[in-house]
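Engineer: Contents of run_38.cif (mmCIF, C-alpha atoms; chains and numbers go by the auth columns):
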```cif
data_input
#
loop_
_atom_site.group_PDB
_atom_site.id
_atom_site.type_symbol
_atom_site.label_atom_id
_atom_site.label_comp_id
_atom_site.label_asym_id
_atom_site.label_seq_id
_atom_site.Cartn_x
_atom_site.Cartn_y
_atom_site.Cartn_z
_atom_site.B_iso_or_equiv
_atom_site.auth_seq_id
_atom_site.auth_asym_id
ATOM 1 C CA MET A 1 6.407 -32.376 158.743 0.00 1 A
ATOM 2 C CA ALA A 2 3.695 -33.887 160.939 0.00 2 A
ATOM 3 C CA ARG A 3 3.381 -34.509 164.661 0.00 3 A
ATOM 4 C CA GLU A 4 2.810 -38.226 164.111 0.00 4 A
ATOM 5 C CA LEU A 5 3.718 -40.125 160.982 0.00 5 A
ATOM 6 C CA GLU A 6 1.022 -42.796 160.696 0.00 6 A
ATOM 7 C CA PRO A 7 -2.040 -40.490 160.972 0.00 7 A
ATOM 8 C CA ALA A 8 -0.484 -38.219 158.335 0.00 8 A
ATOM 9 C CA LEU A 9 0.091 -41.162 155.992 0.00 9 A
ATOM 10 C CA ASP A 10 -3.491 -42.304 156.505 0.00 10 A
ATOM 11 C CA PHE A 11 -4.863 -38.849 155.669 0.00 11 A
ATOM 12 C CA TYR A 12 -2.801 -38.184 152.542 0.00 12 A
ATOM 13 C CA GLY A 13 -3.117 -41.760 151.366 0.00 13 A
ATOM 14 C CA ALA A 14 -6.898 -41.409 151.506 0.00 14 A
ATOM 15 C CA VAL A 15 -7.030 -37.972 149.862 0.00 15 A
ATOM 16 C CA PHE A 16 -4.547 -38.521 147.026 0.00 16 A
ATOM 17 C CA GLY A 17 -4.308 -42.294 146.811 0.00 17 A
ATOM 18 C CA TRP A 18 -0.602 -42.077 147.597 0.00 18 A
ATOM 19 C CA THR A 19 1.410 -45.071 148.717 0.00 19 A
ATOM 20 C CA PHE A 20 4.597 -44.695 150.724 0.00 20 A
ATOM 21 C CA ARG A 21 8.098 -46.102 150.944 0.00 21 A
ATOM 22 C CA THR A 22 10.805 -45.628 153.548 0.00 22 A
ATOM 23 C CA GLY A 23 13.399 -43.037 152.559 0.00 23 A
ATOM 24 C CA ARG A 24 17.036 -42.677 153.539 0.00 24 A
ATOM 25 C CA LEU A 25 16.256 -40.182 156.308 0.00 25 A
ATOM 26 C CA GLY A 26 15.180 -42.836 158.799 0.00 26 A
ATOM 27 C CA GLU A 27 12.116 -44.704 159.973 0.00 27 A
ATOM 28 C CA GLN A 28 10.176 -41.495 160.680 0.00 28 A
ATOM 29 C CA PHE A 29 10.318 -40.327 157.067 0.00 29 A
ATOM 30 C CA ARG A 30 8.365 -41.583 154.059 0.00 30 A
ATOM 31 C CA VAL A 31 8.454 -40.810 150.350 0.00 31 A
ATOM 32 C CA ALA A 32 4.946 -40.379 148.939 0.00 32 A
ATOM 33 C CA LEU A 33 4.360 -42.181 145.641 0.00 33 A
ATOM 34 C CA ASP A 34 1.691 -41.550 143.015 0.00 34 A
ATOM 35 C CA ASP A 35 1.465 -44.508 140.617 0.00 35 A
ATOM 36 C CA GLY A 36 4.856 -45.600 141.915 0.00 36 A
ATOM 37 C CA GLU A 37 6.621 -42.275 141.275 0.00 37 A
ATOM 38 C CA PRO A 38 7.787 -39.868 144.029 0.00 38 A
ATOM 39 C CA VAL A 39 5.756 -36.704 144.565 0.00 39 A
ATOM 40 C CA ALA A 40 6.481 -35.516 148.130 0.00 40 A
ATOM 41 C CA GLY A 41 8.033 -36.372 151.497 0.00 41 A
ATOM 42 C CA ILE A 42 6.316 -36.740 154.861 0.00 42 A
ATOM 43 C CA GLY A 43 8.230 -36.927 158.131 0.00 43 A
ATOM 44 C CA ALA A 44 7.472 -36.910 161.854 0.00 44 A
ATOM 45 C CA LEU A 45 8.810 -34.025 163.898 0.00 45 A
ATOM 46 C CA ALA A 46 11.675 -34.877 166.211 0.00 46 A
ATOM 47 C CA PRO A 47 10.832 -33.817 169.786 0.00 47 A
ATOM 48 C CA ALA A 48 13.806 -31.441 169.892 0.00 48 A
ATOM 49 C CA LEU A 49 13.067 -29.846 166.513 0.00 49 A
ATOM 50 C CA GLN A 50 11.074 -26.664 167.083 0.00 50 A
ATOM 51 C CA VAL A 51 9.449 -26.208 163.693 0.00 51 A
ATOM 52 C CA ALA A 52 5.826 -25.879 162.665 0.00 52 A
ATOM 53 C CA VAL A 53 3.670 -28.644 161.263 0.00 53 A
ATOM 54 C CA ALA A 54 3.620 -27.600 157.611 0.00 54 A
ATOM 55 C CA TRP A 55 4.304 -28.364 153.987 0.00 55 A
ATOM 56 C CA THR A 56 7.646 -26.718 153.231 0.00 56 A
ATOM 57 C CA PRO A 57 9.440 -26.446 149.873 0.00 57 A
ATOM 58 C CA TYR A 58 13.096 -27.505 149.871 0.00 58 A
ATOM 59 C CA PHE A 59 15.402 -26.173 147.178 0.00 59 A
ATOM 60 C CA ALA A 60 18.406 -28.204 146.057 0.00 60 A
ATOM 61 C CA VAL A 61 21.716 -26.345 146.409 0.00 61 A
ATOM 62 C CA GLU A 62 25.335 -27.217 145.703 0.00 62 A
ATOM 63 C CA ASP A 63 26.678 -25.970 149.042 0.00 63 A
ATOM 64 C CA ALA A 64 24.372 -25.662 152.048 0.00 64 A
ATOM 65 C CA ASP A 65 26.886 -23.654 154.092 0.00 65 A
ATOM 66 C CA ALA A 66 27.495 -21.131 151.321 0.00 66 A
ATOM 67 C CA THR A 67 23.754 -20.803 150.687 0.00 67 A
ATOM 68 C CA ALA A 68 23.043 -20.345 154.413 0.00 68 A
ATOM 69 C CA ALA A 69 25.681 -17.618 154.508 0.00 69 A
ATOM 70 C CA ARG A 70 24.035 -15.820 151.562 0.00 70 A
ATOM 71 C CA ILE A 71 20.677 -16.027 153.352 0.00 71 A
ATOM 72 C CA ARG A 72 22.124 -14.394 156.474 0.00 72 A
ATOM 73 C CA GLU A 73 24.023 -11.774 154.470 0.00 73 A
ATOM 74 C CA ARG A 74 20.714 -10.613 153.006 0.00 74 A
ATOM 75 C CA SER A 75 19.114 -10.076 156.436 0.00 75 A
ATOM 76 C CA ALA A 76 17.040 -13.276 156.333 0.00 76 A
ATOM 77 C CA THR A 77 17.071 -16.052 158.958 0.00 77 A
ATOM 78 C CA VAL A 78 18.521 -19.534 159.105 0.00 78 A
ATOM 79 C CA ALA A 79 16.454 -21.132 161.853 0.00 79 A
ATOM 80 C CA VAL A 80 17.822 -24.683 161.809 0.00 80 A
ATOM 81 C CA GLY A 81 21.097 -25.997 160.412 0.00 81 A
ATOM 82 C CA PRO A 82 22.725 -26.713 158.161 0.00 82 A
ATOM 83 C CA VAL A 83 22.348 -30.160 159.750 0.00 83 A
ATOM 84 C CA ALA A 84 24.102 -33.313 158.541 0.00 84 A
ATOM 85 C CA PHE A 85 21.997 -36.336 157.589 0.00 85 A
ATOM 86 C CA GLN A 86 22.983 -39.692 156.170 0.00 86 A
ATOM 87 C CA THR A 87 22.532 -38.562 152.580 0.00 87 A
ATOM 88 C CA GLY A 88 23.244 -34.825 152.746 0.00 88 A
ATOM 89 C CA ARG A 89 22.905 -31.584 154.651 0.00 89 A
ATOM 90 C CA GLY A 90 19.824 -29.440 155.088 0.00 90 A
ATOM 91 C CA ALA A 91 18.679 -26.209 156.678 0.00 91 A
ATOM 92 C CA LEU A 92 15.397 -24.471 157.412 0.00 92 A
ATOM 93 C CA ALA A 93 15.229 -20.736 156.754 0.00 93 A
ATOM 94 C CA ALA A 94 12.864 -17.789 156.462 0.00 94 A
ATOM 95 C CA ASP A 95 13.177 -14.997 153.936 0.00 95 A
ATOM 96 C CA ARG A 96 13.151 -11.316 154.902 0.00 96 A
ATOM 97 C CA ASP A 97 9.337 -11.247 154.977 0.00 97 A
ATOM 98 C CA GLY A 98 9.042 -14.411 157.059 0.00 98 A
ATOM 99 C CA ALA A 99 8.170 -17.047 154.420 0.00 99 A
ATOM 100 C CA VAL A 100 9.690 -20.379 155.464 0.00 100 A
ATOM 101 C CA PHE A 101 11.651 -22.597 153.062 0.00 101 A
ATOM 102 C CA GLY A 102 14.353 -25.236 153.210 0.00 102 A
ATOM 103 C CA ILE A 103 17.606 -25.956 151.389 0.00 103 A
ATOM 104 C CA TRP A 104 19.115 -29.358 150.693 0.00 104 A
ATOM 105 C CA GLN A 105 22.640 -30.351 149.627 0.00 105 A
ATOM 106 C CA GLY A 106 23.056 -33.998 148.767 0.00 106 A
ATOM 107 C CA LYS A 107 21.424 -36.974 147.138 0.00 107 A
ATOM 108 C CA LEU A 108 17.828 -36.603 146.007 0.00 108 A
ATOM 109 C CA VAL A 109 15.159 -39.256 146.341 0.00 109 A
ATOM 110 C CA ASP A 110 15.522 -42.101 143.832 0.00 110 A
ATOM 111 C CA ASP A 111 13.530 -41.508 140.625 0.00 111 A
ATOM 112 C CA TRP A 112 13.019 -37.862 141.557 0.00 112 A
ATOM 113 C CA GLU A 113 13.652 -36.759 137.962 0.00 113 A
ATOM 114 C CA SER A 114 10.308 -38.328 136.986 0.00 114 A
ATOM 115 C CA TRP A 115 8.665 -35.626 139.138 0.00 115 A
ATOM 116 C CA ARG A 116 9.528 -32.993 136.564 0.00 116 A
ATOM 117 C CA ASP A 117 7.827 -34.833 133.721 0.00 117 A
ATOM 118 C CA ARG A 118 4.625 -35.495 135.656 0.00 118 A
ATOM 119 C CA GLU A 119 4.417 -32.088 137.392 0.00 119 A
ATOM 120 C CA PRO A 120 2.312 -33.295 140.345 0.00 120 A
ATOM 121 C CA ALA A 121 2.843 -30.070 142.285 0.00 121 A
ATOM 122 C CA TRP A 122 3.901 -26.465 141.986 0.00 122 A
ATOM 123 C CA LEU A 123 4.641 -23.611 144.382 0.00 123 A
ATOM 124 C CA ARG A 124 3.363 -20.100 144.925 0.00 124 A
ATOM 125 C CA LEU A 125 5.067 -17.545 147.133 0.00 125 A
ATOM 126 C CA ARG A 126 2.651 -15.041 148.643 0.00 126 A
ATOM 127 C CA THR A 127 4.937 -12.174 149.512 0.00 127 A
ATOM 128 C CA ARG A 128 4.965 -8.457 150.175 0.00 128 A
ATOM 129 C CA ASN A 129 6.768 -7.548 146.942 0.00 129 A
ATOM 130 C CA ALA A 130 7.304 -10.196 144.271 0.00 130 A
ATOM 131 C CA PHE A 131 10.166 -8.315 142.585 0.00 131 A
ATOM 132 C CA GLU A 132 12.147 -7.926 145.809 0.00 132 A
ATOM 133 C CA ALA A 133 11.510 -11.579 146.654 0.00 133 A
ATOM 134 C CA ALA A 134 12.662 -12.685 143.193 0.00 134 A
ATOM 135 C CA ILE A 135 15.908 -10.768 143.654 0.00 135 A
ATOM 136 C CA PHE A 136 16.421 -12.311 147.103 0.00 136 A
ATOM 137 C CA TYR A 137 15.820 -15.891 145.987 0.00 137 A
ATOM 138 C CA GLY A 138 17.693 -15.332 142.756 0.00 138 A
ATOM 139 C CA GLU A 139 20.792 -14.232 144.646 0.00 139 A
ATOM 140 C CA VAL A 140 20.482 -16.959 147.281 0.00 140 A
ATOM 141 C CA LEU A 141 19.572 -19.881 144.992 0.00 141 A
ATOM 142 C CA ASP A 142 21.264 -18.768 141.726 0.00 142 A
ATOM 143 C CA TRP A 143 18.027 -18.368 139.801 0.00 143 A
ATOM 144 C CA ALA A 144 18.451 -16.895 136.312 0.00 144 A
ATOM 145 C CA ALA A 145 22.166 -17.678 136.249 0.00 145 A
ATOM 146 C CA GLU A 146 23.758 -18.524 132.911 0.00 146 A
ATOM 147 C CA ARG A 147 25.023 -21.976 133.890 0.00 147 A
ATOM 148 C CA PRO A 148 23.381 -24.988 132.180 0.00 148 A
ATOM 149 C CA GLY A 149 20.219 -26.333 133.797 0.00 149 A
ATOM 150 C CA CYS A 150 19.414 -23.137 135.660 0.00 150 A
ATOM 151 C CA CYS A 151 15.989 -21.615 136.157 0.00 151 A
ATOM 152 C CA ASP A 152 14.408 -18.986 133.958 0.00 152 A
ATOM 153 C CA VAL A 153 12.642 -16.070 135.667 0.00 153 A
ATOM 154 C CA ARG A 154 10.105 -13.831 133.911 0.00 154 A
ATOM 155 C CA TYR A 155 7.415 -11.284 134.749 0.00 155 A
ATOM 156 C CA GLU A 156 3.989 -12.369 133.502 0.00 156 A
ATOM 157 C CA ALA A 157 0.500 -11.095 134.363 0.00 157 A
ATOM 158 C CA GLU A 158 1.738 -9.192 137.431 0.00 158 A
ATOM 159 C CA GLU A 159 3.556 -12.247 138.808 0.00 159 A
ATOM 160 C CA VAL A 160 7.158 -13.423 138.753 0.00 160 A
ATOM 161 C CA VAL A 161 7.192 -16.883 137.140 0.00 161 A
ATOM 162 C CA LEU A 162 9.980 -19.414 137.637 0.00 162 A
ATOM 163 C CA ARG A 163 10.533 -22.122 135.035 0.00 163 A
ATOM 164 C CA HIS A 164 12.884 -25.066 134.868 0.00 164 A
ATOM 165 C CA GLY A 165 13.212 -27.014 131.637 0.00 165 A
ATOM 166 C CA GLY A 166 10.153 -25.229 130.266 0.00 166 A
ATOM 167 C CA HIS A 167 7.950 -26.227 133.215 0.00 167 A
ATOM 168 C CA ILE A 168 6.493 -23.652 135.589 0.00 168 A
ATOM 169 C CA VAL A 169 7.598 -24.662 139.082 0.00 169 A
ATOM 170 C CA ALA A 170 6.818 -21.513 141.071 0.00 170 A
ATOM 171 C CA ARG A 171 4.938 -18.233 140.947 0.00 171 A
ATOM 172 C CA LEU A 172 5.689 -15.207 143.145 0.00 172 A
ATOM 173 C CA SER A 173 2.770 -12.888 143.898 0.00 173 A
ATOM 174 C CA SER A 174 2.713 -9.528 145.675 0.00 174 A
ATOM 175 C CA GLY A 175 0.199 -8.351 148.242 0.00 175 A
ATOM 176 C CA ALA A 176 0.881 -10.389 151.381 0.00 176 A
ATOM 177 C CA LEU A 177 0.810 -8.500 154.686 0.00 177 A
ATOM 178 C CA GLU A 178 3.566 -9.331 157.163 0.00 178 A
ATOM 179 C CA ALA A 179 1.552 -8.343 160.250 0.00 179 A
ATOM 180 C CA ALA A 180 -1.785 -9.852 159.160 0.00 180 A
ATOM 181 C CA PRO A 181 -3.519 -11.942 161.854 0.00 181 A
ATOM 182 C CA ASP A 182 -4.617 -14.463 159.214 0.00 182 A
ATOM 183 C CA PRO A 183 -1.658 -16.760 158.376 0.00 183 A
ATOM 184 C CA THR A 184 -2.983 -17.260 154.853 0.00 184 A
ATOM 185 C CA ILE A 185 -2.441 -13.541 154.202 0.00 185 A
ATOM 186 C CA ARG A 186 1.040 -13.343 155.742 0.00 186 A
ATOM 187 C CA PRO A 187 4.046 -14.103 153.484 0.00 187 A
ATOM 188 C CA HIS A 188 4.341 -17.846 152.946 0.00 188 A
ATOM 189 C CA TRP A 189 5.040 -20.541 150.386 0.00 189 A
ATOM 190 C CA GLU A 190 1.942 -22.400 149.187 0.00 190 A
ATOM 191 C CA VAL A 191 2.182 -25.989 147.950 0.00 191 A
ATOM 192 C CA HIS A 192 -0.310 -26.828 145.190 0.00 192 A
ATOM 193 C CA PHE A 193 -1.055 -30.437 144.280 0.00 193 A
ATOM 194 C CA VAL A 194 -2.570 -30.899 140.821 0.00 194 A
ATOM 195 C CA THR A 195 -5.511 -33.279 140.502 0.00 195 A
ATOM 196 C CA THR A 196 -8.258 -34.194 138.049 0.00 196 A
ATOM 197 C CA ASP A 197 -11.097 -34.146 140.586 0.00 197 A
ATOM 198 C CA VAL A 198 -10.919 -31.359 143.156 0.00 198 A
ATOM 199 C CA PRO A 199 -14.464 -31.823 144.515 0.00 199 A
ATOM 200 C CA ALA A 200 -13.945 -35.522 145.222 0.00 200 A
ATOM 201 C CA LYS A 201 -10.625 -34.975 146.959 0.00 201 A
ATOM 202 C CA THR A 202 -12.076 -32.072 148.929 0.00 202 A
ATOM 203 C CA ALA A 203 -14.907 -34.296 150.154 0.00 203 A
ATOM 204 C CA THR A 204 -12.437 -37.051 151.076 0.00 204 A
ATOM 205 C CA ALA A 205 -10.286 -34.573 152.992 0.00 205 A
ATOM 206 C CA ARG A 206 -13.317 -33.421 154.992 0.00 206 A
ATOM 207 C CA ALA A 207 -14.331 -37.028 155.699 0.00 207 A
ATOM 208 C CA HIS A 208 -10.867 -37.735 157.133 0.00 208 A
ATOM 209 C CA GLY A 209 -10.669 -34.740 159.440 0.00 209 A
ATOM 210 C CA GLY A 210 -9.443 -32.011 157.126 0.00 210 A
ATOM 211 C CA MET A 211 -10.939 -28.508 156.936 0.00 211 A
ATOM 212 C CA VAL A 212 -11.561 -26.463 153.800 0.00 212 A
ATOM 213 C CA ILE A 213 -10.401 -22.923 154.533 0.00 213 A
ATOM 214 C CA ALA A 214 -10.866 -21.454 151.041 0.00 214 A
ATOM 215 C CA GLN A 215 -12.202 -22.597 147.697 0.00 215 A
ATOM 216 C CA GLY A 216 -13.263 -21.249 144.348 0.00 216 A
ATOM 217 C CA THR A 217 -13.139 -21.726 140.604 0.00 217 A
ATOM 218 C CA ALA A 218 -10.321 -20.604 138.328 0.00 218 A
ATOM 219 C CA ALA A 219 -10.147 -20.600 134.542 0.00 219 A
ATOM 220 C CA ASN A 220 -9.123 -24.251 134.506 0.00 220 A
ATOM 221 C CA GLY A 221 -11.540 -25.515 137.122 0.00 221 A
ATOM 222 C CA PRO A 222 -12.148 -25.639 140.867 0.00 222 A
ATOM 223 C CA TRP A 223 -9.528 -25.296 143.586 0.00 223 A
ATOM 224 C CA ALA A 224 -9.542 -25.679 147.352 0.00 224 A
ATOM 225 C CA THR A 225 -7.141 -24.841 150.173 0.00 225 A
ATOM 226 C CA ILE A 226 -7.274 -27.436 152.924 0.00 226 A
ATOM 227 C CA ARG A 227 -5.927 -27.677 156.456 0.00 227 A
ATOM 228 C CA ASP A 228 -5.056 -31.254 157.376 0.00 228 A
ATOM 229 C CA PRO A 229 -5.906 -32.673 160.841 0.00 229 A
ATOM 230 C CA ASP A 230 -2.441 -31.658 162.086 0.00 230 A
ATOM 231 C CA GLY A 231 -2.744 -28.053 160.908 0.00 231 A
ATOM 232 C CA ALA A 232 -0.661 -28.093 157.717 0.00 232 A
ATOM 233 C CA THR A 233 -2.249 -26.363 154.732 0.00 233 A
ATOM 234 C CA PHE A 234 -2.062 -27.228 151.046 0.00 234 A
ATOM 235 C CA THR A 235 -4.011 -26.374 147.904 0.00 235 A
ATOM 236 C CA ILE A 236 -5.441 -28.749 145.321 0.00 236 A
ATOM 237 C CA ASP A 237 -6.243 -27.398 141.885 0.00 237 A
ATOM 238 C CA THR A 238 -6.782 -28.324 138.269 0.00 238 A
ATOM 239 C CA ARG A 239 -4.317 -25.997 136.623 0.00 239 A
ATOM 240 C CA ALA A 240 -3.919 -27.085 133.009 0.00 240 A
ATOM 241 C CA VAL A 241 -0.591 -28.578 132.004 0.00 241 A
ATOM 242 C CA ALA A 242 -0.576 -26.473 128.865 0.00 242 A
ATOM 243 C CA GLU A 243 -0.766 -23.272 130.916 0.00 243 A
ATOM 244 C CA ARG A 244 2.115 -24.285 133.112 0.00 244 A
ATOM 245 C CA LYS A 245 4.339 -25.221 130.163 0.00 245 A
ATOM 246 C CA THR A 246 3.958 -22.128 128.033 0.00 246 A
#
```
Could you write out this structure as structure tokens?
Structural biologist:
Amino acid sequence: MARELEPALDFYGAVFGWTFRTGRLGEQFRVALDDGEPVAGIGALAPALQVAVAWTPYFAVEDADATAARIRERSATVAVGPVAFQTGRGALAADRDGAVFGIWQGKLVDDWESWRDREPAWLRLRTRNAFEAAIFYGEVLDWAAERPGCCDVRYEAEEVVLRHGGHIVARLSSGALEAAPDPTIRPHWEVHFVTTDVPAKTATARAHGGMVIAQGTAANGPWATIRDPDGATFTIDTRAVAERKT
């Protein structure tokens, strides 16, 4: 969610080479396309909607009301919704440690299944205790259930790893501090976009008003965490496909 749509489209179009199409959520929402396939959504904040400018993961659910009730029952917060839209119902929530996420009941973006095959992004939850968080999200979102098509949850290298269809879609890491003054240390969901050239995209982000707030080199290559001109943060990295599919 951005304050203004067009500047956000200009920034992300320049950094990632994305093109955009109008979605079913109205004129102030766009579906970002990479080589014609959907990878993300960008929308302008409604004046009455008091939410932060940020990249936020939305998890598909079968029943938004039932999921919202489970969130509240577990002492977490439903901040907005569930709200009815033309194609479904959504809500914005925060887990017990304050990490913000969304839920969505309804039709997904056309061609969204191609996202899984291309794996253009993945998520990391920085949280106080990864095991407690995994239990919370597992109970709320039915992770590790026995029904067909559900997610698989395992403990690997001191992280909780979530897979769907053999693909790693999220990692949960311990060590975040709820009262930390630095928002990058407080519990939050990180969105990682995978790319083949982190340095070039980092330079482009800087040239278009973005700020690099952290960077380094991992086993598979460089990474950088960037704050866009509106204040939303995201990470670009070169995590190998083979590592994420093990």
Engineer: Running the PyMOL selection byres ((chain A and resi 195) around 9) on this model by hand, what would come out? Give it as a PDB file with C-alpha atoms, keeping the file's coordinate frame.
Structural biologist:
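Below you can see part02.pdb, which holds the result:
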```pdb
ATOM      1  CA  PHE A  16      -4.547 -38.521 147.026  1.00  0.00           C
ATOM      2  CA  PRO A 120       2.312 -33.295 140.345  1.00  0.00           C
ATOM      3  CA  PHE A 193      -1.055 -30.437 144.280  1.00  0.00           C
ATOM      4  CA  VAL A 194      -2.570 -30.899 140.821  1.00  0.00           C
ATOM      5  CA  THR A 196      -8.258 -34.194 138.049  1.00  0.00           C
ATOM      6  CA  ASP A 197     -11.097 -34.146 140.586  1.00  0.00           C
ATOM      7  CA  VAL A 198     -10.919 -31.359 143.156  1.00  0.00           C
ATOM      8  CA  LYS A 201     -10.625 -34.975 146.959  1.00  0.00           C
ATOM      9  CA  ILE A 236      -5.441 -28.749 145.321  1.00  0.00           C
ATOM     10  CA  ASP A 237      -6.243 -27.398 141.885  1.00  0.00           C
ATOM     11  CA  THR A 238      -6.782 -28.324 138.269  1.00  0.00           C
ATOM     12  CA  ARG A 239      -4.317 -25.997 136.623  1.00  0.00           C
TER      13      ARG A 239
END
```
Engineer: Take the PyMOL selection byres ((chain A and resi 128) around 7), run it mentally on this structure, and tell me the resulting residues as a PDB file with C-alpha atoms, keeping the file's coordinate frame.
Structural biologist:
```pdb
ATOM      1  CA  THR A 127       4.937 -12.174 149.512  1.00  0.00           C
ATOM      2  CA  ASN A 129       6.768  -7.548 146.942  1.00  0.00           C
ATOM      3  CA  ALA A 130       7.304 -10.196 144.271  1.00  0.00           C
ATOM      4  CA  SER A 174       2.713  -9.528 145.675  1.00  0.00           C
ATOM      5  CA  GLY A 175       0.199  -8.351 148.242  1.00  0.00           C
ATOM      6  CA  ALA A 176       0.881 -10.389 151.381  1.00  0.00           C
ATOM      7  CA  LEU A 177       0.810  -8.500 154.686  1.00  0.00           C
ATOM      8  CA  PRO A 187       4.046 -14.103 153.484  1.00  0.00           C
TER       9      PRO A 187
END
```
Engineer: Could you tell me how far atom CA of A:Thr67 sits from atom CA of A:Gly106, in Å to one decimal place?
Structural biologist: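 Rounded to one decimal, the two atoms are 13.4 Å apart.
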Engineer: Hey, can you check how far atom CA of A:Asp228 sits from atom CA of A:Gly216?
Structural biologist: 18.4 Å
Engineer: Provide the atom CA of A:Pro222 to atom CA of A:Ala203 distance in Å, to one decimal place.
Structural biologist: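 Here the two named atoms are 13.0 Å from each other.
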Engineer: Give as a list in words the residues that the PyMOL selection byres ((chain A and resi 2) around 8) matches when applied to the coordinates above.
Structural biologist: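 What the PyMOL selection byres ((chain A and resi 2) around 8) grabs from the file is Met1, Arg3, Glu4, Leu5, Ala8, Ile42, Gly43, Ala44, Leu45, Val53, Ala54, Asp230 and Ala232 of chain A.
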